[in-house]
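Trainee: One file: protein25.tsv (TSV, C-alpha atoms and all ligand atoms).
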```tsv
chain	number	residue	atom	x	y	z
A	119	MET	CA	-20.75	18.68	-7.48
A	120	SER	CA	-21.70	16.59	-4.48
A	121	ALA	CA	-24.67	15.00	-2.81
A	122	ASP	CA	-24.89	14.08	0.82
A	123	SER	CA	-27.40	11.67	2.27
A	124	GLY	CA	-26.75	12.13	5.96
A	125	PRO	CA	-25.48	9.67	8.56
A	126	LYS	CA	-25.15	6.70	6.23
A	127	GLY	CA	-22.73	8.72	4.14
A	128	GLY	CA	-23.27	10.15	0.71
A	129	TYR	CA	-21.53	10.37	-2.59
A	130	THR	CA	-19.49	12.99	-4.32
A	131	VAL	CA	-19.21	13.42	-8.05
A	132	SER	CA	-16.96	15.73	-10.02
A	133	PHE	CA	-15.76	16.16	-13.57
A	134	ASP	CA	-12.18	16.94	-14.57
A	135	GLU	CA	-12.34	18.21	-18.12
A	136	ASN	CA	-8.57	18.06	-18.73
A	137	ASP	CA	-8.37	14.36	-17.95
A	138	GLN	CA	-11.90	13.64	-19.27
A	139	VAL	CA	-12.70	11.86	-16.04
A	140	VAL	CA	-15.76	11.82	-13.81
A	141	ARG	CA	-14.91	10.79	-10.24
A	142	LEU	CA	-17.68	9.15	-8.27
A	143	ALA	CA	-16.83	8.37	-4.64
A	144	GLY	CA	-18.47	7.43	-1.35
A	145	VAL	CA	-21.76	5.55	-0.99
A	146	LEU	CA	-24.38	5.71	-3.72
A	147	ARG	CA	-27.47	4.71	-1.82
A	148	PRO	CA	-30.13	7.30	-2.72
A	149	ALA	CA	-33.06	7.69	-0.33
A	150	HIS	CA	-35.09	9.21	-3.17
A	151	ALA	CA	-34.66	9.81	-6.91
A	152	ALA	CA	-33.78	13.51	-6.49
A	153	ALA	CA	-30.60	12.53	-4.63
A	154	LEU	CA	-29.23	11.23	-7.94
A	155	GLY	CA	-29.70	14.58	-9.70
A	156	PRO	CA	-26.07	15.75	-9.27
A	157	LEU	CA	-24.78	12.43	-10.62
A	158	VAL	CA	-26.99	12.53	-13.72
A	159	ASP	CA	-26.20	16.23	-14.33
A	160	CYS	CA	-22.47	15.68	-13.95
A	161	LEU	CA	-22.38	12.69	-16.33
A	162	THR	CA	-24.49	14.56	-18.87
A	163	ALA	CA	-22.26	17.65	-18.74
A	164	ALA	CA	-19.16	15.45	-19.04
A	165	ALA	CA	-20.53	13.59	-22.08
A	166	ASP	CA	-21.22	16.95	-23.76
A	167	ALA	CA	-17.69	18.15	-23.06
A	168	VAL	CA	-15.46	15.17	-23.89
A	169	ARG	CA	-13.97	14.16	-27.22
A	170	GLY	CA	-13.35	10.44	-27.62
A	171	ARG	CA	-13.26	8.57	-24.34
A	172	LEU	CA	-14.89	9.46	-21.04
A	173	TYR	CA	-13.42	7.80	-17.94
A	174	VAL	CA	-15.64	7.21	-14.94
A	175	ASN	CA	-13.42	6.63	-11.91
A	176	LEU	CA	-15.15	4.43	-9.33
A	177	LYS	CA	-12.03	3.54	-7.32
A	178	GLN	CA	-13.38	5.12	-4.13
A	179	LEU	CA	-17.02	4.17	-4.51
A	180	ARG	CA	-17.60	1.90	-1.53
A	181	HIS	CA	-21.18	0.88	-2.27
A	182	MET	CA	-23.82	1.29	-4.96
A	183	SER	CA	-27.38	0.21	-4.21
A	184	PHE	CA	-29.57	-1.44	-6.86
A	185	ALA	CA	-31.56	1.78	-7.26
A	186	GLY	CA	-28.32	3.75	-7.70
A	187	HIS	CA	-26.99	1.19	-10.17
A	188	ARG	CA	-30.20	1.33	-12.23
A	189	VAL	CA	-30.06	5.11	-12.64
A	190	PHE	CA	-26.28	5.11	-13.20
A	191	THR	CA	-26.37	2.52	-15.99
A	192	ALA	CA	-29.53	3.97	-17.57
A	193	THR	CA	-27.83	7.38	-17.71
A	194	LEU	CA	-24.69	5.92	-19.29
A	195	GLY	CA	-26.83	4.02	-21.84
A	196	ARG	CA	-28.74	7.19	-22.74
A	197	LEU	CA	-25.49	9.15	-23.14
A	198	LEU	CA	-23.91	6.44	-25.32
A	199	GLU	CA	-26.95	6.63	-27.60
A	200	ALA	CA	-26.87	10.41	-27.72
A	201	HIS	CA	-23.12	10.52	-28.46
A	202	PRO	CA	-22.48	7.75	-31.01
A	203	ARG	CA	-18.71	8.44	-31.19
A	204	MET	CA	-18.13	8.54	-27.46
A	205	GLU	CA	-16.52	5.61	-25.63
A	206	ILE	CA	-16.70	5.09	-21.87
A	207	THR	CA	-14.31	3.31	-19.54
A	208	LEU	CA	-15.46	2.53	-16.02
A	209	VAL	CA	-12.39	2.30	-13.79
A	210	THR	CA	-13.00	-0.04	-10.85
A	211	SER	CA	-10.76	-1.59	-8.22
A	212	SER	CA	-10.32	-5.14	-6.93
A	213	VAL	CA	-10.92	-3.63	-3.50
A	214	MET	CA	-14.63	-3.57	-4.48
A	215	PRO	CA	-15.22	-7.03	-5.95
A	216	TRP	CA	-18.91	-6.23	-6.42
A	217	ALA	CA	-18.14	-3.60	-9.04
A	218	ASN	CA	-16.85	-5.92	-11.75
A	219	ARG	CA	-19.64	-8.42	-11.21
A	220	ARG	CA	-22.25	-5.71	-11.32
A	221	PHE	CA	-21.02	-3.95	-14.47
A	222	ALA	CA	-20.11	-7.02	-16.56
A	223	PRO	CA	-23.64	-7.60	-18.02
A	224	PHE	CA	-23.98	-3.90	-18.79
A	225	ALA	CA	-20.60	-3.79	-20.57
A	226	ALA	CA	-21.61	-6.85	-22.63
A	227	ARG	CA	-24.57	-4.86	-24.02
A	228	TRP	CA	-22.49	-1.82	-25.00
A	229	PRO	CA	-19.40	-2.47	-27.15
A	230	ARG	CA	-18.30	1.15	-26.60
A	231	LEU	CA	-18.21	0.67	-22.83
A	232	THR	CA	-15.36	-1.13	-21.08
A	233	VAL	CA	-14.70	-1.95	-17.45
A	234	GLU	CA	-11.10	-1.79	-16.32
A	235	GLN	CA	-9.91	-3.06	-12.96
A	236	TYR	CA	-7.06	-0.61	-12.54
A	237	ASP	CA	-5.21	-2.55	-9.83
A	238	ARG	CA	-5.18	-5.94	-11.54
A	239	ALA	CA	-1.51	-5.34	-12.29
A	240	PHE	CA	-1.11	-1.85	-10.99
A	241	TYR	CA	2.47	-1.80	-9.90
A	242	PRO	CA	5.22	-3.66	-11.69
A	243	GLY	CA	6.35	-5.75	-8.71
A	244	GLN	CA	2.88	-6.78	-7.59
A	245	GLY	CA	3.27	-10.49	-8.34
A	246	VAL	CA	6.50	-10.61	-6.34
A	247	ILE	CA	5.20	-8.67	-3.32
A	248	GLU	CA	1.68	-10.08	-3.08
A	249	SER	CA	3.00	-13.59	-2.77
A	250	ASP	CA	2.86	-16.32	-0.13
A	251	GLY	CA	6.66	-16.50	-0.34
A	252	LEU	CA	6.88	-13.11	1.40
A	253	LEU	CA	4.90	-14.19	4.46
A	254	PRO	CA	7.73	-15.87	6.44
A	255	VAL	CA	10.04	-13.01	5.51
A	256	LEU	CA	7.62	-10.39	6.88
A	257	ARG	CA	7.07	-12.36	10.07
A	258	ALA	CA	10.80	-12.77	10.76
A	259	GLN	CA	11.58	-9.14	9.90
A	260	THR	CA	9.04	-7.67	12.32
A	261	SER	CA	10.30	-9.95	15.12
A	262	VAL	CA	13.88	-8.79	14.74
A	263	ILE	CA	13.08	-5.11	14.14
A	264	TRP	CA	10.52	-4.50	16.93
A	265	LYS	CA	12.85	-4.05	19.90
A	266	HIS	CA	14.76	-1.37	17.97
A	267	GLU	CA	11.66	0.24	16.55
A	268	LYS	CA	9.56	0.59	19.69
A	269	PRO	CA	11.66	3.41	21.22
A	270	LEU	CA	11.85	5.08	17.82
A	271	LEU	CA	8.06	5.05	17.53
A	272	GLU	CA	7.93	6.93	20.83
A	273	ARG	CA	10.59	9.39	19.66
A	274	HIS	CA	8.64	9.98	16.45
A	275	GLY	CA	5.45	10.79	18.35
A	276	LEU	CA	3.34	7.65	18.84
A	277	ARG	CA	1.45	7.93	22.16
A	278	PRO	CA	-1.01	5.65	23.94
A	279	GLY	CA	-4.61	6.45	23.04
A	280	ALA	CA	-3.75	7.68	19.53
A	281	ARG	CA	-5.85	6.91	16.49
A	282	VAL	CA	-3.46	4.93	14.31
A	283	ALA	CA	-3.61	3.76	10.68
A	284	ASP	CA	-1.03	1.26	9.40
A	285	ILE	CA	-1.03	1.34	5.60
A	286	CYS	CA	0.43	-1.61	3.67
A	287	CYS	CA	0.22	-3.56	6.93
A	288	GLY	CA	1.27	-6.91	5.43
A	289	ILE	CA	0.44	-9.78	7.78
A	290	GLY	CA	-0.46	-7.46	10.65
A	291	ASP	CA	2.35	-8.32	13.09
A	292	PHE	CA	3.25	-4.67	13.54
A	293	ALA	CA	-0.38	-3.66	14.10
A	294	MET	CA	-0.61	-6.34	16.74
A	295	LEU	CA	2.52	-5.05	18.52
A	296	VAL	CA	1.25	-1.47	18.41
A	297	TRP	CA	-2.07	-2.69	19.83
A	298	ARG	CA	-0.36	-4.39	22.74
A	299	ASN	CA	2.27	-1.79	23.49
A	300	PHE	CA	0.53	1.53	22.78
A	301	ALA	CA	-3.17	0.78	23.46
A	302	PRO	CA	-4.41	2.97	20.61
A	303	GLU	CA	-7.94	4.37	20.70
A	304	ARG	CA	-8.46	3.09	17.18
A	305	LEU	CA	-6.23	1.02	14.92
A	306	VAL	CA	-7.01	0.50	11.24
A	307	ALA	CA	-4.62	-1.65	9.20
A	308	VAL	CA	-4.90	-1.69	5.41
A	309	ASP	CA	-3.32	-3.96	2.83
A	310	HIS	CA	-4.05	-4.80	-0.78
A	311	HIS	CA	-3.39	-8.53	-0.52
A	312	ARG	CA	-6.36	-10.42	0.94
A	313	PRO	CA	-4.42	-13.55	2.05
A	314	PHE	CA	-2.14	-11.37	4.23
A	315	LEU	CA	-5.22	-9.85	5.85
A	316	ASP	CA	-6.79	-13.27	6.39
A	317	TYR	CA	-3.64	-14.27	8.24
A	318	ALA	CA	-3.67	-11.00	10.22
A	319	ARG	CA	-7.31	-11.42	11.26
A	320	THR	CA	-6.69	-14.96	12.46
A	321	VAL	CA	-3.72	-13.85	14.57
A	322	ALA	CA	-5.72	-10.91	15.97
A	323	ARG	CA	-8.61	-13.22	16.90
A	324	ASP	CA	-6.27	-15.74	18.53
A	325	PHE	CA	-4.71	-13.00	20.64
A	326	GLY	CA	-7.99	-11.32	21.57
A	327	ALA	CA	-7.26	-8.19	19.54
A	328	ASP	CA	-10.27	-8.28	17.27
A	329	GLN	CA	-10.81	-4.54	17.70
A	330	ILE	CA	-8.00	-4.02	15.17
A	331	GLU	CA	-9.85	-3.09	11.99
A	332	TYR	CA	-8.29	-4.83	9.02
A	333	GLN	CA	-9.35	-3.47	5.67
A	334	VAL	CA	-8.60	-4.33	2.06
A	335	GLY	CA	-7.49	-1.19	0.31
A	336	ASP	CA	-5.16	0.58	-2.04
A	337	ALA	CA	-2.59	2.86	-0.43
A	338	ALA	CA	-2.86	5.26	-3.36
A	339	SER	CA	-6.60	5.69	-2.94
A	340	LEU	CA	-7.66	4.78	0.60
A	341	LEU	CA	-11.23	4.24	1.74
A	342	LEU	CA	-10.51	6.24	4.90
A	343	PRO	CA	-11.70	9.73	5.82
A	344	ASP	CA	-9.64	12.90	5.60
A	345	ALA	CA	-7.73	13.83	8.76
A	346	GLY	CA	-9.05	10.85	10.73
A	347	PHE	CA	-5.79	9.66	12.35
A	348	ASP	CA	-3.17	11.02	14.76
A	349	PHE	CA	-0.38	8.72	13.62
A	350	VAL	CA	-0.16	7.07	10.20
A	351	THR	CA	2.48	4.42	9.61
A	352	SER	CA	3.68	2.68	6.48
A	353	ARG	CA	6.60	0.35	7.01
A	354	LEU	CA	8.95	-1.02	4.35
A	355	ALA	CA	6.36	-0.08	1.77
A	356	LEU	CA	7.11	3.24	0.03
A	357	GLN	CA	10.13	1.45	-1.39
A	358	ILE	CA	7.97	-0.98	-3.39
A	359	PHE	CA	6.06	1.69	-5.32
A	360	ASP	CA	7.26	3.40	-8.45
A	361	ARG	CA	5.46	6.64	-7.40
A	362	PRO	CA	6.09	6.95	-3.64
A	363	ALA	CA	5.13	10.65	-3.53
A	364	GLU	CA	1.54	9.73	-4.43
A	365	ILE	CA	1.37	7.30	-1.55
A	366	LEU	CA	2.82	9.87	0.86
A	367	ALA	CA	0.22	12.43	-0.26
A	368	GLU	CA	-2.53	9.92	0.51
A	369	LEU	CA	-1.02	9.17	3.96
A	370	LYS	CA	-0.98	12.92	4.57
A	371	ARG	CA	-4.64	13.22	3.58
A	372	ILE	CA	-5.80	10.76	6.25
A	373	CYS	CA	-3.52	12.26	8.95
A	374	ARG	CA	-5.00	15.08	11.03
A	375	PRO	CA	-3.26	18.47	10.97
A	376	GLY	CA	-0.65	18.29	13.73
A	377	GLY	CA	-0.49	14.48	13.48
A	378	ARG	CA	2.48	12.56	12.13
A	379	VAL	CA	3.15	10.25	9.21
A	380	TYR	CA	5.85	7.66	9.90
A	381	VAL	CA	7.59	5.56	7.24
A	382	THR	CA	10.43	3.07	7.27
A	383	ASN	CA	12.47	2.04	4.25
A	384	GLU	CA	15.58	0.06	3.55
A	385	MET	CA	18.99	0.95	2.14
A	386	MET	CA	19.86	-2.52	0.86
A	387	GLY	CA	23.00	-1.26	-0.84
A	388	HIS	CA	24.48	-0.79	2.66
A	389	ILE	CA	23.85	-4.31	3.89
A	390	TYR	CA	27.27	-5.59	4.89
A	391	ALA	CA	28.74	-8.82	6.19
A	392	TYR	CA	32.32	-9.40	7.29
A	393	PRO	CA	34.16	-11.72	6.52
A	394	LYS	CA	32.04	-12.57	3.46
A	395	ASP	CA	31.90	-8.97	2.26
A	396	GLY	CA	32.90	-9.77	-1.35
A	397	PRO	CA	29.94	-11.98	-2.32
A	398	VAL	CA	27.46	-10.28	0.05
A	399	THR	CA	28.25	-6.80	-1.29
A	400	TRP	CA	27.95	-8.15	-4.84
A	401	ALA	CA	24.50	-9.60	-4.02
A	402	TYR	CA	23.28	-6.37	-2.44
A	403	ARG	CA	24.34	-4.40	-5.50
A	404	LEU	CA	22.46	-6.79	-7.77
A	405	ILE	CA	19.27	-7.00	-5.66
A	406	PRO	CA	18.48	-3.25	-5.91
A	407	GLU	CA	19.02	-3.51	-9.68
A	408	MET	CA	16.60	-6.45	-9.92
A	409	ALA	CA	14.12	-4.57	-7.73
A	410	ALA	CA	14.46	-1.45	-9.90
A	411	SER	CA	13.46	-3.50	-12.93
A	412	LEU	CA	10.22	-4.23	-11.02
A	413	GLY	CA	9.68	-0.52	-10.29
A	414	MET	CA	10.93	-0.69	-6.68
A	415	ASP	CA	13.64	1.29	-4.93
A	416	VAL	CA	15.05	-0.78	-2.09
A	417	ASN	CA	17.62	1.96	-1.48
A	418	PHE	CA	14.82	4.45	-0.76
A	419	GLY	CA	15.65	4.86	2.98
A	420	PRO	CA	17.79	8.02	2.92
A	421	LYS	CA	15.47	9.65	0.35
A	422	ALA	CA	12.49	9.70	2.74
A	423	ARG	CA	13.46	13.06	4.26
A	424	ALA	CA	13.35	14.84	0.90
A	425	TYR	CA	10.09	13.13	-0.10
A	426	LEU	CA	8.41	14.03	3.21
A	427	GLU	CA	9.45	17.66	2.83
A	428	ASP	CA	8.40	17.80	-0.83
A	429	VAL	CA	4.93	16.51	0.05
A	430	GLY	CA	4.61	19.31	2.64
A	431	PHE	CA	5.45	17.73	6.01
A	432	VAL	CA	7.26	19.79	8.64
A	433	ASP	CA	9.45	18.92	11.64
A	434	VAL	CA	10.83	15.95	9.71
A	435	LYS	CA	12.84	13.47	11.78
A	436	VAL	CA	15.07	10.71	10.40
A	437	ASP	CA	16.81	7.92	12.29
A	438	ARG	CA	18.84	4.99	11.16
A	439	LEU	CA	17.74	1.79	12.79
A	440	GLU	CA	20.38	-0.87	12.61
A	441	VAL	CA	19.79	-4.57	12.97
A	442	ASN	CA	23.07	-6.42	13.42
A	443	ASN	CA	24.13	-9.72	14.88
A	444	LEU	CA	25.42	-8.15	18.09
A	445	ASN	CA	22.34	-6.06	18.93
A	446	SER	CA	19.58	-8.47	17.89
A	447	ASP	CA	18.15	-11.88	18.62
A	448	LEU	CA	20.36	-14.23	16.61
A	449	SER	CA	17.73	-16.80	15.74
A	450	ASP	CA	15.35	-14.04	14.54
A	451	PHE	CA	18.07	-12.43	12.43
A	452	ALA	CA	19.03	-15.86	11.03
A	453	ALA	CA	15.36	-16.45	10.12
A	454	VAL	CA	15.37	-13.13	8.23
A	455	ALA	CA	18.57	-14.08	6.38
A	456	ALA	CA	17.20	-17.52	5.46
A	457	GLY	CA	13.89	-15.91	4.39
A	458	TRP	CA	15.70	-13.45	2.11
A	459	ARG	CA	17.75	-16.25	0.54
A	460	ASP	CA	14.64	-18.28	-0.28
A	461	TYR	CA	12.54	-15.34	-1.40
A	462	VAL	CA	15.19	-13.64	-3.55
A	463	VAL	CA	16.30	-16.88	-5.20
A	464	GLY	CA	12.83	-18.40	-5.49
A	465	GLU	CA	10.80	-15.34	-6.49
A	466	VAL	CA	12.70	-12.12	-7.29
A	467	ALA	CA	15.47	-13.70	-9.40
A	468	THR	CA	12.97	-15.75	-11.37
A	469	ALA	CA	10.55	-12.83	-11.86
A	470	THR	CA	13.40	-10.70	-13.21
A	471	GLY	CA	14.67	-13.44	-15.56
A	472	GLN	CA	18.17	-13.95	-14.08
A	473	ALA	CA	20.43	-16.51	-15.74
A	474	PRO	CA	20.79	-19.86	-13.88
A	475	GLU	CA	24.44	-19.14	-13.01
A	476	THR	CA	23.49	-15.73	-11.54
A	477	ILE	CA	20.76	-17.38	-9.47
A	478	GLU	CA	23.28	-19.91	-8.18
A	479	ARG	CA	25.78	-17.17	-7.31
A	480	LEU	CA	23.00	-15.26	-5.51
A	481	ARG	CA	22.01	-18.33	-3.53
A	482	SER	CA	25.59	-18.82	-2.44
A	483	ALA	CA	26.06	-15.11	-1.50
A	484	LEU	CA	22.85	-15.06	0.56
A	485	GLU	CA	23.92	-18.29	2.20
A	486	ASP	CA	27.16	-16.47	3.09
A	487	PHE	CA	25.13	-13.70	4.69
A	488	LEU	CA	23.32	-16.26	6.83
A	489	TYR	CA	26.69	-17.82	7.72
A	490	VAL	CA	27.99	-14.45	8.95
A	491	VAL	CA	24.85	-13.76	10.97
A	492	GLU	CA	25.40	-17.01	12.83
A	493	ASN	CA	29.19	-16.76	13.05
A	494	ARG	CA	30.57	-15.72	16.44
A	495	ARG	CA	33.36	-13.66	14.91
A	496	GLY	CA	31.35	-12.31	11.97
A	497	PHE	CA	29.55	-8.98	11.73
A	498	ALA	CA	26.39	-8.62	9.63
A	499	THR	CA	24.38	-5.40	9.45
A	500	TRP	CA	21.01	-4.39	7.96
A	501	PRO	CA	20.23	-0.65	8.02
A	502	ILE	CA	16.66	0.68	7.93
A	503	TYR	CA	15.74	4.37	7.75
A	504	VAL	CA	12.92	5.56	9.98
A	505	ALA	CA	11.43	8.91	9.01
A	506	SER	CA	8.41	10.93	10.04
A	507	GLY	CA	6.92	14.37	9.59
A	508	THR	CA	4.08	16.46	10.97
A	509	ARG	CA	1.16	17.47	8.77
A	510	PRO	CA	1.04	21.24	9.16
A	511	SER	CA	-2.09	22.77	10.64
B	1	LIG	C1	7.20	-5.16	1.92
B	1	LIG	S1	5.60	-5.45	2.47
B	1	LIG	C2	5.62	-4.64	4.05
B	1	LIG	C3	4.54	-5.13	4.94
B	1	LIG	C4	4.51	-4.57	6.37
B	1	LIG	N1	4.35	-3.15	6.40
B	1	LIG	C5	5.72	-4.98	7.13
B	1	LIG	O1	6.53	-4.11	7.45
B	1	LIG	O2	5.86	-6.16	7.41
B	1	LIG	C6	4.63	-4.39	1.48
B	1	LIG	C7	3.13	-4.59	1.65
B	1	LIG	O3	2.44	-3.65	0.84
B	1	LIG	C8	1.26	-4.27	0.37
B	1	LIG	N2	0.78	-3.50	-0.77
B	1	LIG	C9	1.29	-3.47	-2.01
B	1	LIG	N3	0.63	-2.60	-2.76
B	1	LIG	C10	-0.32	-2.06	-1.99
B	1	LIG	C11	-1.32	-1.08	-2.21
B	1	LIG	N4	-1.46	-0.46	-3.37
B	1	LIG	N5	-2.12	-0.76	-1.19
B	1	LIG	C12	-2.01	-1.37	0.01
B	1	LIG	N6	-1.08	-2.31	0.27
B	1	LIG	C13	-0.24	-2.63	-0.72
B	1	LIG	C14	1.69	-5.67	0.06
B	1	LIG	O4	0.60	-6.56	-0.03
B	1	LIG	C15	2.61	-5.95	1.25
B	1	LIG	O5	1.90	-6.48	2.31
```
Here is a file; write its structure as C-alpha cells.

Mentor:
Amino acid sequence: MSADSGPKGGYTVSFDENDQVVRLAGVLRPAHAAALGPLVDCLTAAADAVRGRLYVNLKQLRHMSFAGHRVFTATLGRLLEAHPRMEITLVTSSVMPWANRRFAPFAARWPRLTVEQYDRAFYPGQGVIESDGLLPVLRAQTSVIWKHEKPLLERHGLRPGARVADICCGIGDFAMLVWRNFAPERLVAVDHHRPFLDYARTVARDFGADQIEYQVGDAASLLLPDAGFDFVTSRLALQIFDRPAEILAELKRICRPGGRVYVTNEMMGHIYAYPKDGPVTWAYRLIPEMAASLGMDVNFGPKARAYLEDVGFVDVKVDRLEVNNLNSDLSDFAAVAAGWRDYVVGEVATATGQAPETIERLRSALEDFLYVVENRRGFATWPIYVASGTRPS
C-alpha cells in the first residue's frame, strides 16, 4: 500500500505479516485527510492479523507533520483499545531525533506501547568506532592512502561529473578529496556519528566545498533514493559491521543500474614489520580477535569479492593497495602508526577488557611498529583491499 503526495514526496506503508511489522517510510505530510486512508487501513489490517506484538518500523520516515502525527497516534490508540492483548513497538532511529520527542508523551499514556530507538546500540563496536579517539586516526589514514587510492578510483570507474555517494564517510576527508579531484556533479556523504559530520562540514566550509551534502544516516537503511548515484563508495567500513551483506545490499539499492559500488577493507592479519616482526605479528593477530569480540572483521579485505558477487554485482574488480614505508609519505605513515597505538591501547583494549599486562605488551608492539615505519632499514607494510562491482541493468 502506498500514498503519494506529489513533488514534496509522499509516504509508503506496507505490512509484513510474517514479521508482524508495518513499515512506514518517506514523508507523512498529508495535504488532506483522505491521503491518510492507506495508512489507517494498513494499521487496522495489521492489528487484525497480528498475535502479540505489532512492530511499526519508522526508520525511514523522514518527516511527520502535526496533522499526520494526530491521525497516526489516534489510530494506534483506537487499535490498542480494540485489541486489549495487543502490544505495539514503534521502532525509530536516532537519525530522526524528532521521533523520540514526539512519541514520548503518547507512549507514557499507553503502557502497551513502547518506543525503541533501534540504533542506540545497534552494532556491538559502536562505542569504539563512534568515538573522538578515532578522529586523528581517520585523518592520518586518508592522508597516507590517497595517493595510492586515486589511480585505483579511476581504474574502478570513478569519472568526473559522476553522482557520488560516500557512505560511512567518517570525518569527510575522502569526500573532500573526491570533490577536488573528480569534480562530481553531486556528492552526498553519510555517517551515523554527528560529531564526525560537524567536523566534515567545518572543513568543507573552510575549503569552499559547501556543495558537498553531509547527511546523518544509517548505512543499513539510508534516506537516499533508489538508483540515484553512479558511484557509491564505502571505505574501511564494511569491516566494522557484523552483517556486511546487508550494508552492501543497501549500497546496491542507491546505485543506478550500470553504476559501481566501491569498498575498501583491511587485512590486518597481514600487517608486517621487519625487524620487529615477532611483537608486531603477535599484535596483529590479537587485534582482529579483539575486533571480532566487538562484531567486526578487520580481516574482511579479501572477502569483499565473494560478498560483492553474492549480493549480485557483476564485473567485480579487486586490487590490493599497499601502504609501506618506501612508497608513502613517512610522516603521514608515522602519524597512522602513532594513531593506531593510542587508539588500540586507549579504546579497543579497554573496551574488550584486556588484562593490564596484555595492554602493556600491545603498547610496546605498536610502538615497535612505529619504530619500524621510521627506521631507515626497516620495512613496514599495511595492506588494504579495494573492491568494486557493477550493479547489473
Ligand atoms: C572506520 S570508519 C571509516 C570512515 C571513513 N570511511 C574513512 O575511510 O575514513 C567507519 C565509519 O562508519 C561510521 N558508521 C558506523 N556505523 C554506521 C552506520 N550504521 N551508518 C553510517 N555510518 C556508520 C562511523 O561513524 C565511522 O565514521

Trainee: Given a cut-off of 9 Å, what residues near ligand LIG 1 (chain B) show up using all atoms listed in the file, put as number ranges by chain?

Mentor: A: 237, 240-241, 243-244, 247-249, 252-253, 255-260, 284-292, 308-315, 334-340, 351-359, 365, 382

Trainee: Taking (-12.6, 2.0, -12.5) as a centre in this file's frame and 12 Å as the limit, can you find every polymer residue with an atom that close, using only C-alpha atoms, and give them as an MDAnalysis selection string?

Mentor: chainID A and resid 139:143 172:179 206:215 217:218 221 231:238 339

Trainee: Find, counting only C-alpha atoms, the residue in A:Leu198, A:Arg378, A:Leu161, A:Ala153 that gets nearest to Arg273 in chain A.

Mentor: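 Result for the nearest residue to Arg273 in chain A: A:Arg378.
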
Trainee: Between A:Ala452, A:Val416, A:Ala322, A:Leu276, which has the minimum distance to Tyr380 in chain A (counting only C-alpha atoms)?

Mentor: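 Residue with the minimum atom-to-atom distance to Tyr380 in chain A: A:Leu276.
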
Trainee: For Glu465 in chain A, which of A:Ala498, A:Gly251, A:Val432, A:Tyr503 is the closest residue, counting only C-alpha atoms?

Mentor: A:Gly251

Trainee: Have a look at CA of Ser482 in chain A and CA of Asp447 in chain A and let me know their distance in Å, one decimal.

Mentor: 23.4 Å

Trainee: For each of A:Thr320, A:Gly186, A:Gly326, A:Arg281, take the minimum atom-to-atom distance to His150 in chain A, counting only C-alpha atoms, then give the residue where this is smallest.

Mentor: A:Gly186
